[in-house]
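J.: Quick one, entry03.csv (CSV, N, CA and C atoms and all ligand atoms):
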```csv
chain,number,residue,atom,x,y,z
A,330,MET,N,-103.5,-73.3,-142.6
A,330,MET,CA,-103.5,-72.5,-141.3
A,330,MET,C,-102.7,-71.2,-141.4
A,331,ALA,N,-103.3,-70.1,-141.1
A,331,ALA,CA,-102.6,-68.9,-141.1
A,331,ALA,C,-101.9,-68.6,-139.8
A,332,ILE,N,-100.8,-67.9,-140.0
A,332,ILE,CA,-100.0,-67.6,-138.8
A,332,ILE,C,-100.1,-66.1,-138.7
A,333,PHE,N,-100.7,-65.7,-137.5
A,333,PHE,CA,-100.9,-64.2,-137.3
A,333,PHE,C,-99.8,-63.5,-136.5
A,334,VAL,N,-98.8,-64.3,-136.1
A,334,VAL,CA,-97.7,-63.7,-135.4
A,334,VAL,C,-97.0,-62.7,-136.4
A,335,ARG,N,-96.7,-61.5,-135.9
A,335,ARG,CA,-95.9,-60.6,-136.7
A,335,ARG,C,-94.4,-61.1,-136.5
A,336,TYR,N,-94.0,-62.1,-137.3
A,336,TYR,CA,-92.8,-62.8,-137.0
A,336,TYR,C,-91.5,-61.9,-137.3
A,337,LEU,N,-91.7,-60.8,-138.0
A,337,LEU,CA,-90.5,-59.9,-138.2
A,337,LEU,C,-90.5,-58.8,-137.1
A,338,GLU,N,-91.5,-58.7,-136.3
A,338,GLU,CA,-91.6,-57.7,-135.3
A,338,GLU,C,-91.4,-58.3,-133.9
A,339,ILE,N,-90.4,-59.1,-133.8
A,339,ILE,CA,-90.0,-59.7,-132.5
A,339,ILE,C,-88.5,-59.7,-132.4
A,340,CYS,N,-88.1,-59.6,-131.1
A,340,CYS,CA,-86.6,-59.7,-130.9
A,340,CYS,C,-86.1,-61.0,-131.3
A,341,ARG,N,-85.0,-61.0,-132.1
A,341,ARG,CA,-84.4,-62.3,-132.6
A,341,ARG,C,-83.9,-63.2,-131.5
A,342,ILE,N,-83.6,-62.5,-130.4
A,342,ILE,CA,-83.0,-63.2,-129.3
A,342,ILE,C,-84.0,-63.7,-128.2
A,343,CYS,N,-84.9,-62.9,-127.8
A,343,CYS,CA,-85.8,-63.2,-126.7
A,343,CYS,C,-87.3,-63.2,-127.0
A,344,LEU,N,-87.6,-62.8,-128.3
A,344,LEU,CA,-88.9,-62.8,-128.8
A,344,LEU,C,-89.8,-61.7,-128.3
A,345,SER,N,-89.2,-60.7,-127.5
A,345,SER,CA,-89.9,-59.6,-127.1
A,345,SER,C,-90.4,-58.8,-128.2
A,346,GLU,N,-91.6,-58.1,-128.0
A,346,GLU,CA,-92.1,-57.2,-129.1
A,346,GLU,C,-91.9,-55.8,-128.7
A,347,ASP,N,-91.2,-55.5,-127.6
A,347,ASP,CA,-91.1,-54.1,-127.2
A,347,ASP,C,-89.7,-53.6,-127.5
A,348,ASP,N,-89.6,-52.3,-127.8
A,348,ASP,CA,-88.4,-51.5,-128.0
A,348,ASP,C,-87.4,-52.2,-128.9
A,349,LEU,N,-87.9,-52.5,-130.1
A,349,LEU,CA,-87.1,-53.2,-131.1
A,349,LEU,C,-86.2,-52.2,-131.9
A,350,ILE,N,-85.0,-52.7,-132.2
A,350,ILE,CA,-84.1,-51.9,-133.1
A,350,ILE,C,-83.7,-52.8,-134.3
A,351,ASP,N,-83.9,-52.3,-135.5
A,351,ASP,CA,-83.4,-53.0,-136.7
A,351,ASP,C,-81.9,-53.0,-136.8
A,352,ILE,N,-81.3,-54.1,-136.7
A,352,ILE,CA,-79.8,-54.2,-136.7
A,352,ILE,C,-79.3,-53.7,-138.0
A,353,LEU,N,-80.0,-53.9,-139.1
A,353,LEU,CA,-79.4,-53.6,-140.4
A,353,LEU,C,-79.7,-52.1,-140.8
A,354,GLN,N,-80.4,-51.4,-139.9
A,354,GLN,CA,-80.8,-50.0,-140.3
A,354,GLN,C,-80.0,-49.0,-139.5
A,355,VAL,N,-78.9,-49.4,-138.9
A,355,VAL,CA,-78.2,-48.5,-138.0
A,355,VAL,C,-76.9,-48.0,-138.6
A,356,GLY,N,-76.8,-48.0,-140.0
A,356,GLY,CA,-75.7,-47.5,-140.6
A,356,GLY,C,-74.5,-48.5,-140.7
A,357,ASN,N,-73.3,-48.0,-140.9
A,357,ASN,CA,-72.2,-48.9,-141.2
A,357,ASN,C,-71.7,-49.6,-140.0
A,358,MET,N,-72.2,-49.4,-138.8
A,358,MET,CA,-71.9,-50.2,-137.6
A,358,MET,C,-72.5,-51.6,-137.7
A,359,SER,N,-73.4,-51.8,-138.6
A,359,SER,CA,-74.2,-53.0,-138.5
A,359,SER,C,-73.3,-54.3,-138.7
A,360,ALA,N,-72.3,-54.2,-139.5
A,360,ALA,CA,-71.4,-55.4,-139.7
A,360,ALA,C,-70.8,-55.8,-138.4
A,361,VAL,N,-70.3,-54.8,-137.7
A,361,VAL,CA,-69.7,-55.1,-136.4
A,361,VAL,C,-70.7,-55.6,-135.4
A,362,ARG,N,-71.9,-55.0,-135.4
A,362,ARG,CA,-73.0,-55.5,-134.5
A,362,ARG,C,-73.4,-56.9,-134.8
A,363,ILE,N,-73.5,-57.2,-136.1
A,363,ILE,CA,-73.9,-58.6,-136.5
A,363,ILE,C,-72.9,-59.6,-136.0
A,364,LYS,N,-71.6,-59.2,-136.1
A,364,LYS,CA,-70.5,-60.0,-135.6
A,364,LYS,C,-70.6,-60.2,-134.1
A,365,ASP,N,-70.8,-59.1,-133.4
A,365,ASP,CA,-70.8,-59.1,-132.0
A,365,ASP,C,-72.0,-60.0,-131.5
A,366,ILE,N,-73.2,-59.8,-132.1
A,366,ILE,CA,-74.3,-60.6,-131.8
A,366,ILE,C,-74.1,-62.1,-132.0
A,367,ASN,N,-73.4,-62.4,-133.1
A,367,ASN,CA,-73.0,-63.7,-133.3
A,367,ASN,C,-72.1,-64.3,-132.3
A,368,LYS,N,-71.1,-63.5,-131.9
A,368,LYS,CA,-70.2,-63.9,-130.9
A,368,LYS,C,-70.8,-64.1,-129.5
A,369,TYR,N,-71.7,-63.2,-129.2
A,369,TYR,CA,-72.3,-63.2,-127.8
A,369,TYR,C,-73.4,-64.2,-127.7
A,370,PHE,N,-74.3,-64.2,-128.6
A,370,PHE,CA,-75.5,-65.1,-128.5
A,370,PHE,C,-75.4,-66.3,-129.4
A,371,ASN,N,-74.4,-66.4,-130.2
A,371,ASN,CA,-74.2,-67.5,-131.2
A,371,ASN,C,-75.4,-67.6,-132.1
A,372,ILE,N,-75.9,-66.5,-132.5
A,372,ILE,CA,-77.0,-66.4,-133.5
A,372,ILE,C,-76.5,-65.7,-134.7
A,373,GLN,N,-76.7,-66.3,-135.9
A,373,GLN,CA,-76.3,-65.7,-137.1
A,373,GLN,C,-77.4,-64.9,-137.8
A,374,ILE,N,-77.2,-63.6,-137.8
A,374,ILE,CA,-78.2,-62.7,-138.5
A,374,ILE,C,-77.7,-62.5,-140.0
A,375,ILE,N,-78.5,-63.0,-140.9
A,375,ILE,CA,-78.1,-62.9,-142.3
A,375,ILE,C,-79.1,-62.0,-143.0
A,376,PRO,N,-78.6,-60.9,-143.6
A,376,PRO,CA,-79.4,-59.9,-144.2
A,376,PRO,C,-80.4,-60.5,-145.3
A,377,SER,N,-80.0,-61.6,-145.9
A,377,SER,CA,-80.9,-62.2,-147.0
A,377,SER,C,-82.0,-63.1,-146.4
A,378,ASP,N,-81.9,-63.4,-145.1
A,378,ASP,CA,-83.0,-64.2,-144.5
A,378,ASP,C,-84.2,-63.3,-144.2
A,379,GLU,N,-85.0,-63.2,-145.3
A,379,GLU,CA,-86.1,-62.2,-145.2
A,379,GLU,C,-87.2,-62.6,-144.3
A,380,ASN,N,-87.3,-63.9,-144.0
A,380,ASN,CA,-88.4,-64.4,-143.1
A,380,ASN,C,-88.0,-64.5,-141.6
A,381,LYS,N,-86.8,-64.0,-141.3
A,381,LYS,CA,-86.3,-64.1,-139.9
A,381,LYS,C,-86.1,-62.7,-139.4
A,382,SER,N,-86.6,-62.4,-138.2
A,382,SER,CA,-86.4,-61.1,-137.7
A,382,SER,C,-85.0,-60.6,-137.7
A,383,ARG,N,-84.8,-59.4,-138.0
A,383,ARG,CA,-83.4,-58.8,-138.0
A,383,ARG,C,-83.4,-57.7,-136.8
A,384,LYS,N,-84.4,-57.8,-136.0
A,384,LYS,CA,-84.5,-56.9,-134.9
A,384,LYS,C,-84.1,-57.5,-133.5
A,385,LEU,N,-83.5,-56.6,-132.7
A,385,LEU,CA,-83.2,-57.0,-131.4
A,385,LEU,C,-83.9,-56.0,-130.5
A,386,CYS,N,-84.3,-56.4,-129.3
A,386,CYS,CA,-84.9,-55.5,-128.3
A,386,CYS,C,-83.7,-54.7,-127.7
A,387,VAL,N,-84.1,-53.6,-127.0
A,387,VAL,CA,-83.0,-52.8,-126.4
A,387,VAL,C,-82.3,-53.6,-125.3
A,388,ASN,N,-83.0,-54.4,-124.6
A,388,ASN,CA,-82.3,-55.2,-123.5
A,388,ASN,C,-81.2,-56.1,-124.1
A,389,CYS,N,-81.6,-56.8,-125.2
A,389,CYS,CA,-80.6,-57.7,-125.7
A,389,CYS,C,-79.4,-57.0,-126.4
A,390,ILE,N,-79.7,-55.8,-127.0
A,390,ILE,CA,-78.6,-55.0,-127.6
A,390,ILE,C,-77.7,-54.5,-126.4
A,391,ARG,N,-78.3,-54.1,-125.3
A,391,ARG,CA,-77.5,-53.6,-124.2
A,391,ARG,C,-76.5,-54.7,-123.7
A,392,LYS,N,-77.0,-55.9,-123.7
A,392,LYS,CA,-76.1,-57.0,-123.2
A,392,LYS,C,-74.9,-57.1,-124.1
A,393,VAL,N,-75.1,-57.0,-125.4
A,393,VAL,CA,-74.0,-57.0,-126.4
A,393,VAL,C,-73.0,-55.9,-126.2
A,394,TYR,N,-73.6,-54.6,-126.0
A,394,TYR,CA,-72.8,-53.4,-125.8
A,394,TYR,C,-72.0,-53.6,-124.5
A,395,ASP,N,-72.7,-54.0,-123.4
A,395,ASP,CA,-72.0,-54.2,-122.1
A,395,ASP,C,-70.8,-55.2,-122.3
A,396,TRP,N,-71.1,-56.3,-122.9
A,396,TRP,CA,-70.1,-57.3,-123.1
A,396,TRP,C,-68.9,-56.8,-123.9
A,397,ARG,N,-69.2,-56.0,-125.0
A,397,ARG,CA,-68.2,-55.5,-125.9
A,397,ARG,C,-67.3,-54.5,-125.1
A,398,ARG,N,-68.0,-53.7,-124.2
A,398,ARG,CA,-67.3,-52.7,-123.4
A,398,ARG,C,-66.4,-53.4,-122.4
A,399,ASP,N,-66.9,-54.5,-121.8
A,399,ASP,CA,-66.0,-55.2,-120.9
A,399,ASP,C,-64.9,-55.9,-121.6
A,400,VAL,N,-65.1,-56.4,-122.8
A,400,VAL,CA,-64.0,-57.0,-123.5
A,400,VAL,C,-62.9,-56.0,-123.8
A,401,ARG,N,-63.3,-54.8,-124.3
A,401,ARG,CA,-62.3,-53.7,-124.5
A,401,ARG,C,-61.6,-53.3,-123.3
A,402,SER,N,-62.4,-53.2,-122.2
A,402,SER,CA,-61.8,-52.8,-120.9
A,402,SER,C,-60.8,-53.8,-120.4
A,403,ALA,N,-61.1,-55.1,-120.5
A,403,ALA,CA,-60.2,-56.1,-120.1
A,403,ALA,C,-58.9,-56.1,-120.9
A,404,ALA,N,-59.1,-55.9,-122.2
A,404,ALA,CA,-57.9,-55.8,-123.1
A,404,ALA,C,-57.0,-54.7,-122.7
A,405,LYS,N,-57.6,-53.5,-122.4
A,405,LYS,CA,-56.9,-52.3,-122.1
A,405,LYS,C,-56.1,-52.6,-120.8
A,406,LEU,N,-56.7,-53.2,-119.8
A,406,LEU,CA,-56.2,-53.4,-118.5
A,406,LEU,C,-55.1,-54.4,-118.4
A,407,GLN,N,-54.9,-55.2,-119.5
A,407,GLN,CA,-53.9,-56.2,-119.4
A,407,GLN,C,-52.5,-55.6,-119.3
A,408,PHE,N,-52.3,-54.3,-119.6
A,408,PHE,CA,-51.0,-53.7,-119.4
A,408,PHE,C,-50.6,-53.7,-117.9
A,409,VAL,N,-51.6,-53.6,-117.1
A,409,VAL,CA,-51.4,-53.6,-115.6
A,409,VAL,C,-50.8,-55.0,-115.2
A,410,ILE,N,-51.5,-56.0,-115.7
A,410,ILE,CA,-51.1,-57.4,-115.4
A,410,ILE,C,-49.7,-57.6,-116.0
A,411,ASP,N,-49.5,-57.2,-117.2
A,411,ASP,CA,-48.2,-57.3,-117.8
A,411,ASP,C,-47.1,-56.6,-117.1
A,412,THR,N,-47.4,-55.4,-116.5
A,412,THR,CA,-46.4,-54.7,-115.7
A,412,THR,C,-46.1,-55.4,-114.5
A,413,PHE,N,-47.1,-56.0,-113.8
A,413,PHE,CA,-46.9,-56.8,-112.6
A,413,PHE,C,-46.0,-58.0,-112.9
A,414,ASP,N,-46.3,-58.6,-114.1
A,414,ASP,CA,-45.5,-59.7,-114.5
A,414,ASP,C,-44.1,-59.4,-114.7
A,415,LYS,N,-43.8,-58.2,-115.4
A,415,LYS,CA,-42.4,-57.8,-115.6
A,415,LYS,C,-41.8,-57.5,-114.3
A,416,MET,N,-42.5,-56.8,-113.4
A,416,MET,CA,-41.9,-56.5,-112.1
A,416,MET,C,-41.5,-57.7,-111.4
A,417,ALA,N,-42.4,-58.7,-111.4
A,417,ALA,CA,-42.2,-59.9,-110.6
A,417,ALA,C,-41.0,-60.7,-111.2
A,418,ARG,N,-40.9,-60.7,-112.6
A,418,ARG,CA,-39.8,-61.3,-113.2
A,418,ARG,C,-38.5,-60.6,-112.9
A,419,GLY,N,-38.6,-59.3,-112.9
A,419,GLY,CA,-37.4,-58.5,-112.6
A,419,GLY,C,-36.9,-58.8,-111.2
A,420,GLU,N,-37.9,-58.8,-110.3
A,420,GLU,CA,-37.5,-59.1,-108.9
A,420,GLU,C,-36.9,-60.5,-108.7
A,421,SER,N,-37.5,-61.5,-109.4
A,421,SER,CA,-37.0,-62.8,-109.2
A,421,SER,C,-35.6,-63.0,-109.8
A,422,MET,N,-35.4,-62.2,-110.9
A,422,MET,CA,-34.0,-62.3,-111.5
A,422,MET,C,-33.0,-61.6,-110.6
A,423,ALA,N,-33.5,-60.5,-110.0
A,423,ALA,CA,-32.6,-59.7,-109.1
A,423,ALA,C,-32.3,-60.6,-107.9
A,424,SER,N,-33.3,-61.3,-107.3
A,424,SER,CA,-33.0,-62.1,-106.2
A,424,SER,C,-32.1,-63.3,-106.5
A,425,LYS,N,-32.2,-63.8,-107.7
A,425,LYS,CA,-31.4,-64.9,-108.2
A,425,LYS,C,-29.9,-64.4,-108.2
A,426,LYS,N,-29.8,-63.2,-108.8
A,426,LYS,CA,-28.4,-62.6,-108.8
A,426,LYS,C,-27.8,-62.5,-107.5
A,427,ARG,N,-28.7,-62.0,-106.5
A,427,ARG,CA,-28.2,-61.7,-105.2
A,427,ARG,C,-27.7,-63.0,-104.5
A,428,ASN,N,-28.5,-64.1,-104.9
A,428,ASN,CA,-28.1,-65.4,-104.3
A,428,ASN,C,-26.9,-66.0,-104.8
A,429,THR,N,-26.4,-65.6,-106.0
A,429,THR,CA,-25.2,-66.2,-106.6
A,429,THR,C,-24.0,-65.5,-106.1
A,501,ZN,ZN,-84.5,-59.3,-126.8
```
How does the structure come out when it is put into structure tokens?
T.:
Amino acid sequence: MAIFVRYLEICRICLSEDDLIDILQVGNMSAVRIKDINKYFNIQIIPSDENKSRKLCVNCIRKVYDWRRDVRSAAKLQFVIDTFDKMARGESMASKKRNT
């Protein structure tokens, strides 16, 4: 039985055939992308897997980008949380001193 599906021309994540981007053809960012795709979708894209699509559709890539951006943003904003934490600790120490 012949399989007529163009199995390399589908999104690895959602099987879409539209707006595909080859993950391995985007220069030296691809290692990071493969890692991110693995972290986000839990899908391992291995360059030597020749019979498995290495392409993602724009929608699925956007999800990874958005998630990566949110992760960076959250990490950056932790200094605000840490500042509040320090302030709160400082205040509680000051109030303890006042009480003694
Ligand atoms: Zn997709």
J.: Looking at only C-alpha atoms, which of A:Tyr369, A:Ser424, A:Lys364, A:Met416 is the one that sits closest to Arg391 in chain A?
T.: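 The shortest atom-to-atom distance to Arg391 in chain A comes from A:Tyr369.
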J.: For Ser382 in chain A, please output as a compact mmCIF listing (two decimals) with N, CA and C atoms, keeping the file's coordinate frame all residues within 7 Å (counting all atoms listed in the file; exclusion window: fewer than 3 positions along the same chain).
T.:
```txt
# COMPACT_ATOMS: atom_id res chain seq x y z
N TYR A 336 -94.00 -62.10 -137.30
CA TYR A 336 -92.80 -62.80 -137.00
C TYR A 336 -91.50 -61.90 -137.30
N LEU A 337 -91.70 -60.80 -138.00
CA LEU A 337 -90.50 -59.90 -138.20
C LEU A 337 -90.50 -58.80 -137.10
N GLU A 338 -91.50 -58.70 -136.30
CA GLU A 338 -91.60 -57.70 -135.30
C GLU A 338 -91.40 -58.30 -133.90
N ILE A 339 -90.40 -59.10 -133.80
CA ILE A 339 -90.00 -59.70 -132.50
C ILE A 339 -88.50 -59.70 -132.40
N CYS A 340 -88.10 -59.60 -131.10
CA CYS A 340 -86.60 -59.70 -130.90
C CYS A 340 -86.10 -61.00 -131.30
N ARG A 341 -85.00 -61.00 -132.10
CA ARG A 341 -84.40 -62.30 -132.60
C ARG A 341 -83.90 -63.20 -131.50
N ASP A 378 -81.90 -63.40 -145.10
CA ASP A 378 -83.00 -64.20 -144.50
C ASP A 378 -84.20 -63.30 -144.20
N GLU A 379 -85.00 -63.20 -145.30
CA GLU A 379 -86.10 -62.20 -145.20
C GLU A 379 -87.20 -62.60 -144.30
N LEU A 385 -83.50 -56.60 -132.70
CA LEU A 385 -83.20 -57.00 -131.40
C LEU A 385 -83.90 -56.00 -130.50
```
J.: When DSSP works through the backbone of this structure, what residues of chain A end up as alpha helix (DSSP H), shown as an NGL selection string?
T.: :A and (359-370 or 387-428)
J.: Kindly export the residues of the current selection with N, CA and C atoms, as a short mmCIF file (atom, residue, chain, number, x, y, z; two decimals), in the frame of the given file.
T.:
```cif
data_model
loop_
_atom_site.label_atom_id
_atom_site.label_comp_id
_atom_site.auth_asym_id
_atom_site.auth_seq_id
_atom_site.Cartn_x
_atom_site.Cartn_y
_atom_site.Cartn_z
N SER A 359 -73.40 -51.80 -138.60
CA SER A 359 -74.20 -53.00 -138.50
C SER A 359 -73.30 -54.30 -138.70
N ALA A 360 -72.30 -54.20 -139.50
CA ALA A 360 -71.40 -55.40 -139.70
C ALA A 360 -70.80 -55.80 -138.40
N VAL A 361 -70.30 -54.80 -137.70
CA VAL A 361 -69.70 -55.10 -136.40
C VAL A 361 -70.70 -55.60 -135.40
N ARG A 362 -71.90 -55.00 -135.40
CA ARG A 362 -73.00 -55.50 -134.50
C ARG A 362 -73.40 -56.90 -134.80
N ILE A 363 -73.50 -57.20 -136.10
CA ILE A 363 -73.90 -58.60 -136.50
C ILE A 363 -72.90 -59.60 -136.00
N LYS A 364 -71.60 -59.20 -136.10
CA LYS A 364 -70.50 -60.00 -135.60
C LYS A 364 -70.60 -60.20 -134.10
N ASP A 365 -70.80 -59.10 -133.40
CA ASP A 365 -70.80 -59.10 -132.00
C ASP A 365 -72.00 -60.00 -131.50
N ILE A 366 -73.20 -59.80 -132.10
CA ILE A 366 -74.30 -60.60 -131.80
C ILE A 366 -74.10 -62.10 -132.00
N ASN A 367 -73.40 -62.40 -133.10
CA ASN A 367 -73.00 -63.70 -133.30
C ASN A 367 -72.10 -64.30 -132.30
N LYS A 368 -71.10 -63.50 -131.90
CA LYS A 368 -70.20 -63.90 -130.90
C LYS A 368 -70.80 -64.10 -129.50
N TYR A 369 -71.70 -63.20 -129.20
CA TYR A 369 -72.30 -63.20 -127.80
C TYR A 369 -73.40 -64.20 -127.70
N PHE A 370 -74.30 -64.20 -128.60
CA PHE A 370 -75.50 -65.10 -128.50
C PHE A 370 -75.40 -66.30 -129.40
N VAL A 387 -84.10 -53.60 -127.00
CA VAL A 387 -83.00 -52.80 -126.40
C VAL A 387 -82.30 -53.60 -125.30
N ASN A 388 -83.00 -54.40 -124.60
CA ASN A 388 -82.30 -55.20 -123.50
C ASN A 388 -81.20 -56.10 -124.10
N CYS A 389 -81.60 -56.80 -125.20
CA CYS A 389 -80.60 -57.70 -125.70
C CYS A 389 -79.40 -57.00 -126.40
N ILE A 390 -79.70 -55.80 -127.00
CA ILE A 390 -78.60 -55.00 -127.60
C ILE A 390 -77.70 -54.50 -126.40
N ARG A 391 -78.30 -54.10 -125.30
CA ARG A 391 -77.50 -53.60 -124.20
C ARG A 391 -76.50 -54.70 -123.70
N LYS A 392 -77.00 -55.90 -123.70
CA LYS A 392 -76.10 -57.00 -123.20
C LYS A 392 -74.90 -57.10 -124.10
N VAL A 393 -75.10 -57.00 -125.40
CA VAL A 393 -74.00 -57.00 -126.40
C VAL A 393 -73.00 -55.90 -126.20
N TYR A 394 -73.60 -54.60 -126.00
CA TYR A 394 -72.80 -53.40 -125.80
C TYR A 394 -72.00 -53.60 -124.50
N ASP A 395 -72.70 -54.00 -123.40
CA ASP A 395 -72.00 -54.20 -122.10
C ASP A 395 -70.80 -55.20 -122.30
N TRP A 396 -71.10 -56.30 -122.90
CA TRP A 396 -70.10 -57.30 -123.10
C TRP A 396 -68.90 -56.80 -123.90
N ARG A 397 -69.20 -56.00 -125.00
CA ARG A 397 -68.20 -55.50 -125.90
C ARG A 397 -67.30 -54.50 -125.10
N ARG A 398 -68.00 -53.70 -124.20
CA ARG A 398 -67.30 -52.70 -123.40
C ARG A 398 -66.40 -53.40 -122.40
N ASP A 399 -66.90 -54.50 -121.80
CA ASP A 399 -66.00 -55.20 -120.90
C ASP A 399 -64.90 -55.90 -121.60
N VAL A 400 -65.10 -56.40 -122.80
CA VAL A 400 -64.00 -57.00 -123.50
C VAL A 400 -62.90 -56.00 -123.80
N ARG A 401 -63.30 -54.80 -124.30
CA ARG A 401 -62.30 -53.70 -124.50
C ARG A 401 -61.60 -53.30 -123.30
N SER A 402 -62.40 -53.20 -122.20
CA SER A 402 -61.80 -52.80 -120.90
C SER A 402 -60.80 -53.80 -120.40
N ALA A 403 -61.10 -55.10 -120.50
CA ALA A 403 -60.20 -56.10 -120.10
C ALA A 403 -58.90 -56.10 -120.90
N ALA A 404 -59.10 -55.90 -122.20
CA ALA A 404 -57.90 -55.80 -123.10
C ALA A 404 -57.00 -54.70 -122.70
N LYS A 405 -57.60 -53.50 -122.40
CA LYS A 405 -56.90 -52.30 -122.10
C LYS A 405 -56.10 -52.60 -120.80
N LEU A 406 -56.70 -53.20 -119.80
CA LEU A 406 -56.20 -53.40 -118.50
C LEU A 406 -55.10 -54.40 -118.40
N GLN A 407 -54.90 -55.20 -119.50
CA GLN A 407 -53.90 -56.20 -119.40
C GLN A 407 -52.50 -55.60 -119.30
N PHE A 408 -52.30 -54.30 -119.60
CA PHE A 408 -51.00 -53.70 -119.40
C PHE A 408 -50.60 -53.70 -117.90
N VAL A 409 -51.60 -53.60 -117.10
CA VAL A 409 -51.40 -53.60 -115.60
C VAL A 409 -50.80 -55.00 -115.20
N ILE A 410 -51.50 -56.00 -115.70
CA ILE A 410 -51.10 -57.40 -115.40
C ILE A 410 -49.70 -57.60 -116.00
N ASP A 411 -49.50 -57.20 -117.20
CA ASP A 411 -48.20 -57.30 -117.80
C ASP A 411 -47.10 -56.60 -117.10
N THR A 412 -47.40 -55.40 -116.50
CA THR A 412 -46.40 -54.70 -115.70
C THR A 412 -46.10 -55.40 -114.50
N PHE A 413 -47.10 -56.00 -113.80
CA PHE A 413 -46.90 -56.80 -112.60
C PHE A 413 -46.00 -58.00 -112.90
N ASP A 414 -46.30 -58.60 -114.10
CA ASP A 414 -45.50 -59.70 -114.50
C ASP A 414 -44.10 -59.40 -114.70
N LYS A 415 -43.80 -58.20 -115.40
CA LYS A 415 -42.40 -57.80 -115.60
C LYS A 415 -41.80 -57.50 -114.30
N MET A 416 -42.50 -56.80 -113.40
CA MET A 416 -41.90 -56.50 -112.10
C MET A 416 -41.50 -57.70 -111.40
N ALA A 417 -42.40 -58.70 -111.40
CA ALA A 417 -42.20 -59.90 -110.60
C ALA A 417 -41.00 -60.70 -111.20
N ARG A 418 -40.90 -60.70 -112.60
CA ARG A 418 -39.80 -61.30 -113.20
C ARG A 418 -38.50 -60.60 -112.90
N GLY A 419 -38.60 -59.30 -112.90
CA GLY A 419 -37.40 -58.50 -112.60
C GLY A 419 -36.90 -58.80 -111.20
N GLU A 420 -37.90 -58.80 -110.30
CA GLU A 420 -37.50 -59.10 -108.90
C GLU A 420 -36.90 -60.50 -108.70
N SER A 421 -37.50 -61.50 -109.40
CA SER A 421 -37.00 -62.80 -109.20
C SER A 421 -35.60 -63.00 -109.80
N MET A 422 -35.40 -62.20 -110.90
CA MET A 422 -34.00 -62.30 -111.50
C MET A 422 -33.00 -61.60 -110.60
N ALA A 423 -33.50 -60.50 -110.00
CA ALA A 423 -32.60 -59.70 -109.10
C ALA A 423 -32.30 -60.60 -107.90
N SER A 424 -33.30 -61.30 -107.30
CA SER A 424 -33.00 -62.10 -106.20
C SER A 424 -32.10 -63.30 -106.50
N LYS A 425 -32.20 -63.80 -107.70
CA LYS A 425 -31.40 -64.90 -108.20
C LYS A 425 -29.90 -64.40 -108.20
N LYS A 426 -29.80 -63.20 -108.80
CA LYS A 426 -28.40 -62.60 -108.80
C LYS A 426 -27.80 -62.50 -107.50
N ARG A 427 -28.70 -62.00 -106.50
CA ARG A 427 -28.20 -61.70 -105.20
C ARG A 427 -27.70 -63.00 -104.50
N ASN A 428 -28.50 -64.10 -104.90
CA ASN A 428 -28.10 -65.40 -104.30
C ASN A 428 -26.90 -66.00 -104.80
#
```
J.: Set the cut-off to 7 Å, count only N, CA and C atoms and all ligand atoms, and list whatever residues fall near ligand ZN 501 (chain A) as a list in words.
T.: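 For ligand ZN 501 (chain A), the residues inside 7 Å are Ile339, Cys340, Arg341, Ile342, Cys343, Leu344, Ser345, Lys384, Leu385, Cys386, Val387, Asn388, Cys389 and Ile390 of chain A.
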J.: So the first atom is CA of Ile350 in chain A and the second is atom N of Ala403 in chain A; what is the distance between them in Å, to one decimal place?
T.: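 These two atoms are separated by 26.4 Å.
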J.: When you draw a straight line from CA of Ile410 in chain A to CA of Asp395 in chain A, how long is it in Å?
T.: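 Separation of CA of Ile410 in chain A and CA of Asp395 in chain A: 22.2 Å.
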J.: Can you measure CA of Asp348 in chain A to atom N of Ala360 in chain A for me? One decimal in Å is fine.
T.: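 One can read the CA of Asp348 in chain A to atom N of Ala360 in chain A distance as 20.0 Å.
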J.: Considering only strand (DSSP E or B) as DSSP defines it on the backbone, what residues of chain A qualify? List them as a PyMOL selection string.
T.: chain A and resi 349-351+384-386
J.: Quick one: of A:Glu420, A:Val409, A:Val334, A:Leu353, who's nearest to Pro376 in chain A, counting all atoms listed in the file?
T.: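 The shortest atom-to-atom distance to Pro376 in chain A comes from A:Leu353.
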